[in-house]
Each structure stands twice: as structure tokens, then as C-alpha cells.
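**Student:** Would you mind keeping the following structure in view while I ask a few things?
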2 protein chains.
Amino acid sequence: MEEKDKPLILVTNDDGITAKGIRTLVAIASKLGNVVVVAPDSPQSAMGHAITINNTLYLKEFTQHEYDHKEYTTSGTPVDCVKMASHEILERKPDLCISGINHGSNSAINVIYSGTMSAAVEAGIEGIPAIGFSLCDYSADADFDASAPYIEKIIKQVLEHGMPKGVVFNVNIPKVSEEPYKGIKICRQANAHWEEEFDKRTNPYGKDYYWLTGKFVNNDKGEDTDEWALAHNYISIVPTQFDLTAHHYISTLNTWEFEV
Amino acid sequence: MEEKDKPLILVTNDDGITAKGIRTLVAIASKLGNVVVVAPDSPQSAMGHAITINNTLYLKEFTQHEYDHKEYTTSGTPVDCVKMASHEILERKPDLCISGINHGSNSAINVIYSGTMSAAVEAGIEGIPAIGFSLCDYSADADFDASAPYIEKIIKQVLEHGMPKGVVFNVNIPKVSEEPYKGIKICRQANAHWEEEFDKRTNPYGKDYYWLTGKFVNNDKGEDTDEWALAHNYISIVPTQFDLTAHHYISTLNTWEFEV
């Protein structure tokens, strides 16, 4: 039931509709607006900005008894969920799209692999203000309670100020410790990367296979980075864009010789 | 067999190792360096920056008789291919990674959905100069011949100049027409988007399903965009970055009120 004068908030994630993180986000959003949930029917972590074009998509209403809003699952990726919400489910453009709360960090270069953030970016591409929330705790039973007031504050600020075209927020929240959170910091994406290692094994039929594993390496000492903020118990917000042009490099490139 | 004094070039794509586009790119690369090919064993279009973390990966040598270099397939995404090449197959860091030639455009916002470009971006993250090549022609039998001298020129320029950290190239090539290509243009990513439509059908068992379809809409009139260049029969190069921070918006955001 849509209450008048309340914003329409689309909630999605990449861990699937039953994950603890999205249930926390739904609870917060329900206090602030009219909620519609469209989320994957199964975990879709690390799907990046994948979309489903070589396969069919299924859409199903998801039964829950806690709220009187509607919830749906799709068989697709987080980006598919946003597209289906915008173009098949919702009658009007939502005022905000929130994605998460992800079980695990999407700071630094992780933003690029993240299904959570790709859903937010997709909403941004469609002109919808959007925020991806991630807690730096991979456990299925992670403690999201301490982050709730901060998430609520960030959502309220976005609803109040709006968001410029071409920008979405990447919000990361430290794992709960004995110390309370120190507050919220506006940051840039740390220049960090993964050092991959492949764990090679042999299956019962004698065929080799691999698991992708890796170690996260941050050599960026900047105190204005998301990694610095998280390491010092701050919640980080990185304003994130999807114009990927390296504008600063265009003038140099124009001096290269490209005659054939 | 690695010839000394020749650059080591990693070739990958998202259409799969047997696609006409990658075979053209392998032919060009073989004239310029020592080639190793690591590509998906099946089409992986629109996979974005997806990686395989919830499933096993298979790696297989791919038999071909045209060249004396090695070729491999993986069961994973384009990004998985680059990671496997760097960390499992190659003994040293390649001097260049080229991805493509994609059957279809990766201009404007398509860069974000593109498996071709995600492979190039992954190489860039690992500090390898990288270029994604795409031809604006989706057909399996597309004509790649006219683009070969331009691709060769771009590769040679990158090998000569190197590439700064944090930048990779997104190269798009117009579909072959009666007119020859006008040349190469350095561009920014056009501010265009897709207007989705879902084609709803019913399967033989009475269950509804959807196909994602859409129309590409470009309202960006800029003559410095990749879309303008392609529409005017130029090959476009967009220098592309993976620091997604909207640096210009940080100072504004610092004026918002985030006290809890």
C-alpha cells in the first residue's frame, strides 16, 4: 500500500532476498518510505555488472508476512533485478534505490566486482539516486544492528539533498567491534588490488580444477581513502561514477601518432 | 616458442576462443609479438566484471595448428581468463593484454556490461597495459579485415608509448560500409543509455518468463564522444579508468550533515 507523501524506495541486493543484510535494510527503509523489494532468488555475489541476455528470466512474488509492501524475486543478476523493477514492476520511477546490506566489503577495487554496487550503478544509469551498503563481515549471521542508525542517516540525507546525475554512493561499514563506530567519512576509492592464487585440486574423476583465492593488498597510504576510514572504525562513503573516461589522459593521447 | 626481444602479448575475449573476432586479433598480434591466448570455452557476453568464486574453474590447452604459440580455454568469465593467465599460466607479466575483437559495440555505457572490456580492465588493475577492441557488427561472420591495419597501429603505439597506471583503452570500430574508415579519434564515453523492454512469454508448461530487450538511446550531442566518432566512420579510442571515485563531488558531500 503506497502512502502518499512518502518516497518510493526500491530495495535490492546480491546475496539473495532471504539474506540477513537485505532484511535489515528493508526494516530501515520501511520506516522512511514506501518499499518495494526486487532481489535475486539465489546468491549472486561477484557478478559485477553482468546481465542476462542469453537466458530467460523468471519473476516471482515473494511471500512475507511482516510488511504490507510487495516483494519479488528474479532468477537473474542484481542488475537484472533493477531493470525488471524499473521496466516491469514499478509504475513510477523510484525516488531511491538501495542495495545491500552486503555481507562483505565492497571498498577499494572491490566495487568493480560487486553485484551490490552494480545494482546501485544500474539505478544511477537510469537516473535513480542510489546507494550500495556493505558490511565488512562475510558471515551469514553478521551483526547489522550497530550500523542501522548510520544507514538511516545516510538515506535521509540523500532524500533531502538528492544526488547529482552520474553519481551513486558506495557505503562500507566496519565489522562490529567492541568500540562504537566513530562516524561517517567521505572518501576516495583506495588504490588497492587482489593478489590472486589458484588452489589447484583434482576431482574424483582425475581431472584438475581450480578455486580462485587471493589476498587483498592495499599499498595506498592515503588518509582520504575508504580503506583508511574502515581501518579506523569509520563508515566510508565513496561517491562513485560510471563515466569511466580517463579525461585527464585525453590531451596526452591526442599527441600520439595514429595515421595508418 | 618465445622469441627474444619481442613483447609478450596475452590475447583474450568474451565471445569464446573460436570466434572470428579473436582469430583476427591473434593473427594481428602474432606479427607483433609472442602470443599466448587464454579465452573462455563458451560465449561470455554481457558478463561485466563477473568472477567465478562459487564454482570450480577448468583450464584446458586448446589445440590449433596455425601457430606455434600456446592457447588455452577456461570454463570461466573473461576476467577469470586474465586472472588465470597472470597467476597460473604465464611465467612473467605480459607486456600487453588485448581483448576482442568483440562482435558488437562496447561504446558509451556498454563498457560497463562488457566482458571484453572487463578483461582489459582486469589486466589494467594488475598493471598490464591493456586494450579492448570491438567491432559494431554483431554477426558471427562480421568483416574484420578493414580494421586490421588500425588495430595494428594502435597496438604498436601502445607498445611504443606504454600506458599510464590506471588507464586502459576502449577501442570501437564502425561496421564496414562502402566508405573506408576516416581514421582514429580520441574520445570520451558518450552519455547514452538503454531503454529496456521485457518481452514477456509463456513457456510450454504455463509459466511466464521474460527476455531482456532494449533500445539504445544517445542524447549526448558532443562531437568529442565515441558515439559521434562511430557515427562518422571513425574508430574511437576512449581512455578508460577504474578509479570510479567521483572526485568532483567530494567537496560538496563534505558539506552534508552526517552526525548521528
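Residue numbers start at 1 in each chain; chains themselves are named A, B, ... in the order of the C-alpha cells; ligands are numbered from 1 in the order shown.
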What are the residues of chain A that have an atom within 6 Å of an atom of chain B, counting only C-alpha atoms, as a PyMOL selection string?
**Tutor:** chain A and resi 46-51+56-58+113+188-189+209-211+239-241+244-246
**Student:** Would you put the residues from that selection into a file with N, CA and C atoms, as a PDB file, in the first residue's frame?
**Tutor:**
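Written out: out_31.pdb:
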```
ATOM      1  N   ALA A  46      29.762 -11.223  -6.577  1.00  0.00           N
ATOM      2  CA  ALA A  46      30.858 -11.147  -7.549  1.00  0.00           C
ATOM      3  C   ALA A  46      30.377 -11.236  -8.990  1.00  0.00           C
ATOM      4  N   MET A  47      29.107 -10.908  -9.234  1.00  0.00           N
ATOM      5  CA  MET A  47      28.579 -10.953 -10.592  1.00  0.00           C
ATOM      6  C   MET A  47      28.903  -9.682 -11.360  1.00  0.00           C
ATOM      7  N   GLY A  48      29.535  -8.692 -10.722  1.00  0.00           N
ATOM      8  CA  GLY A  48      29.848  -7.458 -11.420  1.00  0.00           C
ATOM      9  C   GLY A  48      28.599  -6.911 -12.090  1.00  0.00           C
ATOM     10  N   HIS A  49      28.769  -6.301 -13.264  1.00  0.00           N
ATOM     11  CA  HIS A  49      27.629  -5.690 -13.937  1.00  0.00           C
ATOM     12  C   HIS A  49      27.012  -6.650 -14.964  1.00  0.00           C
ATOM     13  N   ALA A  50      27.070  -7.952 -14.648  1.00  0.00           N
ATOM     14  CA  ALA A  50      26.526  -8.949 -15.574  1.00  0.00           C
ATOM     15  C   ALA A  50      25.015  -8.771 -15.751  1.00  0.00           C
ATOM     16  N   ILE A  51      24.541  -9.003 -16.970  1.00  0.00           N
ATOM     17  CA  ILE A  51      23.104  -9.030 -17.250  1.00  0.00           C
ATOM     18  C   ILE A  51      22.787 -10.329 -17.984  1.00  0.00           C
ATOM     19  N   THR A  56      16.596 -16.966 -20.236  1.00  0.00           N
ATOM     20  CA  THR A  56      15.304 -16.394 -19.860  1.00  0.00           C
ATOM     21  C   THR A  56      15.343 -15.939 -18.406  1.00  0.00           C
ATOM     22  N   LEU A  57      14.459 -15.018 -18.078  1.00  0.00           N
ATOM     23  CA  LEU A  57      14.363 -14.503 -16.716  1.00  0.00           C
ATOM     24  C   LEU A  57      13.000 -14.853 -16.133  1.00  0.00           C
ATOM     25  N   TYR A  58      13.005 -15.275 -14.880  1.00  0.00           N
ATOM     26  CA  TYR A  58      11.749 -15.545 -14.193  1.00  0.00           C
ATOM     27  C   TYR A  58      11.544 -14.515 -13.085  1.00  0.00           C
ATOM     28  N   TYR A 113      33.829  -5.597  -8.839  1.00  0.00           N
ATOM     29  CA  TYR A 113      33.379  -6.994  -8.901  1.00  0.00           C
ATOM     30  C   TYR A 113      32.000  -7.161  -8.265  1.00  0.00           C
ATOM     31  N   ARG A 188      37.797   8.718  -0.993  1.00  0.00           N
ATOM     32  CA  ARG A 188      38.030   8.228  -2.352  1.00  0.00           C
ATOM     33  C   ARG A 188      38.311   6.725  -2.279  1.00  0.00           C
ATOM     34  N   GLN A 189      38.125   6.059  -3.421  1.00  0.00           N
ATOM     35  CA  GLN A 189      38.406   4.631  -3.566  1.00  0.00           C
ATOM     36  C   GLN A 189      39.905   4.397  -3.393  1.00  0.00           C
ATOM     37  N   TYR A 209      41.049 -29.135 -11.400  1.00  0.00           N
ATOM     38  CA  TYR A 209      40.215 -27.932 -11.400  1.00  0.00           C
ATOM     39  C   TYR A 209      40.814 -26.938 -10.427  1.00  0.00           C
ATOM     40  N   TYR A 210      40.273 -25.721 -10.424  1.00  0.00           N
ATOM     41  CA  TYR A 210      40.855 -24.636  -9.652  1.00  0.00           C
ATOM     42  C   TYR A 210      39.788 -23.904  -8.848  1.00  0.00           C
ATOM     43  N   TRP A 211      40.189 -23.425  -7.673  1.00  0.00           N
ATOM     44  CA  TRP A 211      39.404 -22.433  -6.938  1.00  0.00           C
ATOM     45  C   TRP A 211      40.179 -21.117  -6.962  1.00  0.00           C
ATOM     46  N   PRO A 239      31.657   8.657  -3.260  1.00  0.00           N
ATOM     47  CA  PRO A 239      30.796   8.989  -4.396  1.00  0.00           C
ATOM     48  C   PRO A 239      31.398   8.324  -5.630  1.00  0.00           C
ATOM     49  N   THR A 240      30.578   7.569  -6.341  1.00  0.00           N
ATOM     50  CA  THR A 240      31.065   6.649  -7.376  1.00  0.00           C
ATOM     51  C   THR A 240      30.395   6.994  -8.697  1.00  0.00           C
ATOM     52  N   GLN A 241      31.197   7.043  -9.779  1.00  0.00           N
ATOM     53  CA  GLN A 241      30.640   7.441 -11.078  1.00  0.00           C
ATOM     54  C   GLN A 241      30.771   6.336 -12.107  1.00  0.00           C
ATOM     55  N   LEU A 244      33.462   6.300 -17.199  1.00  0.00           N
ATOM     56  CA  LEU A 244      34.780   5.708 -16.931  1.00  0.00           C
ATOM     57  C   LEU A 244      35.896   6.408 -17.709  1.00  0.00           C
ATOM     58  N   THR A 245      35.559   7.450 -18.479  1.00  0.00           N
ATOM     59  CA  THR A 245      36.585   8.137 -19.270  1.00  0.00           C
ATOM     60  C   THR A 245      37.709   8.665 -18.383  1.00  0.00           C
ATOM     61  N   ALA A 246      38.945   8.370 -18.755  1.00  0.00           N
ATOM     62  CA  ALA A 246      40.103   8.964 -18.076  1.00  0.00           C
ATOM     63  C   ALA A 246      40.355  10.325 -18.727  1.00  0.00           C
TER      64      ALA A 246
END
```
**Student:** Least-squares align chain B to chain A using all Cα atoms paired by position, then dump the moved coordinates as a short mmCIF file (atom, residue, chain, number, x, y, z; two decimals) with C-alpha atoms, in the first residue's frame.
**Tutor:**
```
data_model
loop_
_atom_site.label_atom_id
_atom_site.label_comp_id
_atom_site.auth_asym_id
_atom_site.auth_seq_id
_atom_site.Cartn_x
_atom_site.Cartn_y
_atom_site.Cartn_z
CA MET B 1 0.00 -0.02 0.02
CA GLU B 2 1.70 3.21 -1.10
CA GLU B 3 1.31 6.01 1.45
CA LYS B 4 1.15 9.43 -0.16
CA ASP B 5 3.93 11.94 0.58
CA LYS B 6 6.37 9.13 1.32
CA PRO B 7 9.26 8.38 -1.05
CA LEU B 8 9.19 5.18 -3.12
CA ILE B 9 12.25 3.12 -2.22
CA LEU B 10 13.43 0.14 -4.30
CA VAL B 11 15.47 -2.35 -2.25
CA THR B 12 17.73 -4.97 -3.82
CA ASN B 13 20.94 -6.88 -3.08
CA ASP B 14 23.23 -9.60 -4.40
CA ASP B 15 23.11 -12.12 -1.55
CA GLY B 16 19.51 -13.10 -2.30
CA ILE B 17 16.18 -11.97 -0.86
CA THR B 18 16.39 -14.00 2.36
CA ALA B 19 19.86 -12.75 3.43
CA LYS B 20 20.06 -11.06 6.83
CA GLY B 21 21.59 -7.95 5.26
CA ILE B 22 18.65 -7.16 2.98
CA ARG B 23 16.16 -7.91 5.76
CA THR B 24 17.90 -5.24 7.89
CA LEU B 25 17.84 -2.78 5.00
CA VAL B 26 14.11 -3.47 4.39
CA ALA B 27 13.39 -2.77 8.07
CA ILE B 28 15.22 0.58 7.89
CA ALA B 29 13.65 1.57 4.57
CA SER B 30 10.14 0.73 5.81
CA LYS B 31 10.42 3.48 8.41
CA LEU B 32 11.38 6.05 5.74
CA GLY B 33 9.21 5.32 2.72
CA ASN B 34 7.06 3.04 0.62
CA VAL B 35 9.16 0.00 -0.09
CA VAL B 36 9.26 -2.45 -2.99
CA VAL B 37 11.82 -5.26 -2.86
CA VAL B 38 13.17 -6.93 -6.03
CA ALA B 39 16.11 -9.20 -5.31
CA PRO B 40 17.76 -12.33 -6.70
CA ASP B 41 16.26 -15.70 -5.74
CA SER B 42 19.79 -17.03 -5.06
CA PRO B 43 23.20 -15.58 -4.12
CA GLN B 44 24.77 -13.51 -6.94
CA SER B 45 27.97 -12.25 -5.33
CA ALA B 46 30.86 -11.14 -7.55
CA MET B 47 28.57 -10.95 -10.57
CA GLY B 48 29.85 -7.48 -11.45
CA HIS B 49 27.64 -5.69 -13.95
CA ALA B 50 26.52 -8.95 -15.58
CA ILE B 51 23.11 -9.03 -17.25
CA THR B 52 21.09 -11.97 -18.55
CA ILE B 53 20.82 -11.84 -22.34
CA ASN B 54 21.39 -15.44 -23.39
CA ASN B 55 18.87 -16.90 -20.97
CA THR B 56 15.29 -16.40 -19.86
CA LEU B 57 14.36 -14.51 -16.71
CA TYR B 58 11.75 -15.55 -14.18
CA LEU B 59 9.94 -13.15 -11.85
CA LYS B 60 8.02 -14.34 -8.80
CA GLU B 61 6.19 -12.66 -5.96
CA PHE B 62 7.91 -13.42 -2.67
CA THR B 63 5.60 -14.12 0.25
CA GLN B 64 6.37 -12.42 3.56
CA HIS B 65 4.03 -11.51 6.38
CA GLU B 66 5.96 -8.79 8.18
CA TYR B 67 5.13 -5.83 5.91
CA ASP B 68 2.24 -4.86 3.65
CA HIS B 69 4.62 -3.93 0.81
CA LYS B 70 5.32 -6.17 -2.19
CA GLU B 71 8.47 -8.24 -2.62
CA TYR B 72 9.66 -10.07 -5.72
CA THR B 73 12.48 -12.39 -6.71
CA THR B 74 14.06 -12.77 -10.13
CA SER B 75 16.19 -15.59 -11.47
CA GLY B 76 18.71 -13.02 -12.72
CA THR B 77 21.60 -10.88 -11.52
CA PRO B 78 21.35 -7.77 -9.30
CA VAL B 79 21.45 -5.59 -12.43
CA ASP B 80 18.60 -7.64 -13.94
CA CYS B 81 16.60 -7.01 -10.73
CA VAL B 82 16.92 -3.23 -11.11
CA LYS B 83 15.98 -3.41 -14.79
CA MET B 84 12.95 -5.61 -14.06
CA ALA B 85 11.87 -3.35 -11.20
CA SER B 86 12.10 -0.20 -13.33
CA HIS B 87 10.58 -1.54 -16.51
CA GLU B 88 8.23 -4.33 -15.49
CA ILE B 89 7.17 -4.00 -11.85
CA LEU B 90 7.07 -0.37 -10.69
CA GLU B 91 4.51 2.02 -12.06
CA ARG B 92 6.71 5.03 -11.48
CA LYS B 93 10.43 5.74 -11.15
CA PRO B 94 11.50 5.16 -7.53
CA ASP B 95 12.87 8.11 -5.54
CA LEU B 96 15.74 5.99 -4.29
CA CYS B 97 17.33 2.59 -4.87
CA ILE B 98 19.24 0.96 -2.01
CA SER B 99 21.25 -2.20 -2.43
CA GLY B 100 22.62 -4.45 0.31
CA ILE B 101 23.44 -4.65 3.06
CA ASN B 102 26.14 -6.81 1.53
CA HIS B 103 27.75 -9.50 3.67
CA GLY B 104 31.35 -8.44 2.99
CA SER B 105 33.34 -5.38 1.95
CA ASN B 106 32.93 -3.56 -1.35
CA SER B 107 35.63 -0.98 -0.65
CA ALA B 108 38.52 -0.04 -2.97
CA ILE B 109 38.66 -2.07 -6.22
CA ASN B 110 36.01 -4.49 -4.89
CA VAL B 111 33.45 -2.00 -6.17
CA ILE B 112 34.12 -3.31 -9.67
CA TYR B 113 33.38 -6.98 -8.91
CA SER B 114 30.43 -6.23 -6.67
CA GLY B 115 26.90 -7.22 -7.54
CA THR B 116 25.64 -4.95 -4.73
CA MET B 117 27.30 -1.89 -6.23
CA SER B 118 26.45 -2.85 -9.82
CA ALA B 119 22.76 -2.76 -8.87
CA ALA B 120 23.27 0.74 -7.44
CA VAL B 121 25.21 1.81 -10.56
CA GLU B 122 22.44 0.43 -12.81
CA ALA B 123 19.88 2.52 -10.90
CA GLY B 124 22.18 5.52 -11.30
CA ILE B 125 22.39 4.95 -15.05
CA GLU B 126 18.57 5.04 -15.10
CA GLY B 127 18.59 8.38 -13.24
CA ILE B 128 17.56 6.99 -9.84
CA PRO B 129 19.55 8.18 -6.76
CA ALA B 130 21.20 5.03 -5.45
CA ILE B 131 23.29 3.74 -2.56
CA GLY B 132 25.07 0.43 -2.08
CA PHE B 133 25.64 -0.62 1.55
CA SER B 134 28.20 -3.24 2.58
CA LEU B 135 29.31 -4.52 5.98
CA CYS B 136 32.90 -5.78 6.24
CA ASP B 137 31.75 -9.09 7.70
CA TYR B 138 31.19 -12.09 5.43
CA SER B 139 29.30 -14.22 7.97
CA ALA B 140 25.67 -15.07 7.18
CA ASP B 141 24.78 -14.06 10.72
CA ALA B 142 26.74 -10.76 10.74
CA ASP B 143 25.71 -8.07 13.25
CA PHE B 144 23.97 -5.28 11.30
CA ASP B 145 22.31 -3.59 14.31
CA ALA B 146 25.06 -1.07 15.08
CA SER B 147 25.04 0.21 11.51
CA ALA B 148 21.28 0.87 11.35
CA PRO B 149 21.30 4.47 12.65
CA TYR B 150 24.10 5.40 10.23
CA ILE B 151 22.32 3.82 7.27
CA GLU B 152 19.13 5.65 8.21
CA LYS B 153 21.04 8.94 8.42
CA ILE B 154 22.67 8.46 5.01
CA ILE B 155 19.34 7.59 3.37
CA LYS B 156 17.68 10.64 4.94
CA GLN B 157 20.46 12.93 3.72
CA VAL B 158 20.16 11.57 0.17
CA LEU B 159 16.37 12.00 0.22
CA GLU B 160 16.85 15.57 1.45
CA HIS B 161 19.70 16.66 -0.87
CA GLY B 162 19.07 14.46 -3.89
CA MET B 163 22.02 13.15 -5.88
CA PRO B 164 23.58 14.68 -8.99
CA LYS B 165 23.24 12.74 -12.26
CA GLY B 166 26.04 10.28 -12.81
CA VAL B 167 26.86 9.69 -9.13
CA VAL B 168 25.87 6.89 -6.73
CA PHE B 169 27.19 6.15 -3.22
CA ASN B 170 29.38 3.24 -2.20
CA VAL B 171 28.95 2.91 1.59
CA ASN B 172 31.13 0.48 3.55
CA ILE B 173 30.73 -0.24 7.24
CA PRO B 174 33.40 -1.75 9.52
CA LYS B 175 32.74 -5.10 11.15
CA VAL B 176 31.27 -4.59 14.63
CA SER B 177 33.97 -4.44 17.32
CA GLU B 178 33.99 -3.51 20.99
CA GLU B 179 34.36 0.18 20.10
CA PRO B 180 31.35 2.06 18.72
CA TYR B 181 31.65 3.48 15.18
CA LYS B 182 33.47 6.82 15.10
CA GLY B 183 31.16 8.32 12.46
CA ILE B 184 30.92 8.76 8.69
CA LYS B 185 33.75 9.83 6.37
CA ILE B 186 33.60 10.95 2.72
CA CYS B 187 36.41 9.11 0.93
CA ARG B 188 38.03 8.23 -2.35
CA GLN B 189 38.42 4.63 -3.56
CA ALA B 190 41.75 3.29 -2.24
CA ASN B 191 44.23 2.16 -4.88
CA ALA B 192 44.37 -1.45 -3.69
CA HIS B 193 44.19 -4.78 -5.51
CA TRP B 194 43.96 -8.55 -5.09
CA GLU B 195 46.91 -10.87 -5.41
CA GLU B 196 45.31 -13.98 -6.80
CA GLU B 197 46.25 -17.51 -6.05
CA PHE B 198 44.63 -20.52 -7.65
CA ASP B 199 44.06 -23.52 -5.43
CA LYS B 200 44.56 -26.45 -7.81
CA ARG B 201 42.82 -29.74 -6.96
CA THR B 202 41.93 -32.98 -8.69
CA ASN B 203 38.32 -34.15 -8.89
CA PRO B 204 37.25 -37.75 -8.15
CA TYR B 205 37.47 -38.49 -11.89
CA GLY B 206 41.10 -37.43 -12.18
CA LYS B 207 40.49 -34.03 -13.79
CA ASP B 208 42.25 -30.92 -12.44
CA TYR B 209 40.22 -27.94 -11.39
CA TYR B 210 40.86 -24.63 -9.64
CA TRP B 211 39.40 -22.43 -6.93
CA LEU B 212 40.09 -18.71 -7.21
CA THR B 213 41.54 -17.38 -3.95
CA GLY B 214 43.57 -14.31 -3.18
CA LYS B 215 44.96 -11.79 -0.75
CA PHE B 216 43.81 -8.19 -0.65
CA VAL B 217 46.79 -5.82 -0.80
CA ASN B 218 46.50 -2.11 -0.01
CA ASN B 219 49.62 -0.03 -0.62
CA ASP B 220 47.66 3.24 -0.69
CA LYS B 221 48.62 5.14 2.48
CA GLY B 222 46.14 8.00 1.83
CA GLU B 223 44.10 9.04 4.87
CA ASP B 224 41.33 10.13 2.48
CA THR B 225 40.69 6.54 1.31
CA ASP B 226 37.86 4.16 2.17
CA GLU B 227 40.41 1.63 3.42
CA TRP B 228 41.85 4.14 5.90
CA ALA B 229 38.38 5.06 7.15
CA LEU B 230 37.36 1.41 7.63
CA ALA B 231 40.62 0.54 9.38
CA HIS B 232 39.95 3.41 11.80
CA ASN B 233 36.35 2.34 12.52
CA TYR B 234 34.67 4.97 10.35
CA ILE B 235 31.85 4.25 7.92
CA SER B 236 33.08 5.27 4.43
CA ILE B 237 31.08 6.90 1.64
CA VAL B 238 32.74 6.99 -1.78
CA PRO B 239 30.80 8.98 -4.39
CA THR B 240 31.06 6.66 -7.39
CA GLN B 241 30.64 7.43 -11.09
CA PHE B 242 30.04 5.42 -14.23
CA ASP B 243 31.60 7.77 -16.75
CA LEU B 244 34.78 5.70 -16.95
CA THR B 245 36.58 8.13 -19.28
CA ALA B 246 40.12 8.96 -18.08
CA HIS B 247 39.53 12.60 -19.02
CA HIS B 248 42.96 13.64 -17.73
CA TYR B 249 44.65 11.44 -20.33
CA ILE B 250 42.83 12.65 -23.45
CA SER B 251 45.19 15.56 -24.19
CA THR B 252 48.27 13.32 -23.93
CA LEU B 253 46.70 10.72 -26.21
CA ASN B 254 46.00 13.39 -28.80
CA THR B 255 49.77 13.82 -29.21
CA TRP B 256 50.22 10.17 -30.27
CA GLU B 257 50.62 9.27 -33.94
CA PHE B 258 47.62 7.30 -35.22
CA GLU B 259 47.91 7.77 -39.00
CA VAL B 260 47.63 4.49 -40.90
#
```
**Student:** Within range 84-251 of chain B, find each residue whose DSSP state, derived from the backbone, is strand (DSSP E), and express the selection as an MDAnalysis selection string.
**Tutor:** chainID B and resid 96:103 130:135 167:173 183:186 192:202 208:218 234:241
**Student:** Would you mind writing down, as a count of residues only, each residue of range 11-252 of chain B that DSSP on the backbone assigns to helix (DSSP H, G or I)?
**Tutor:** 70
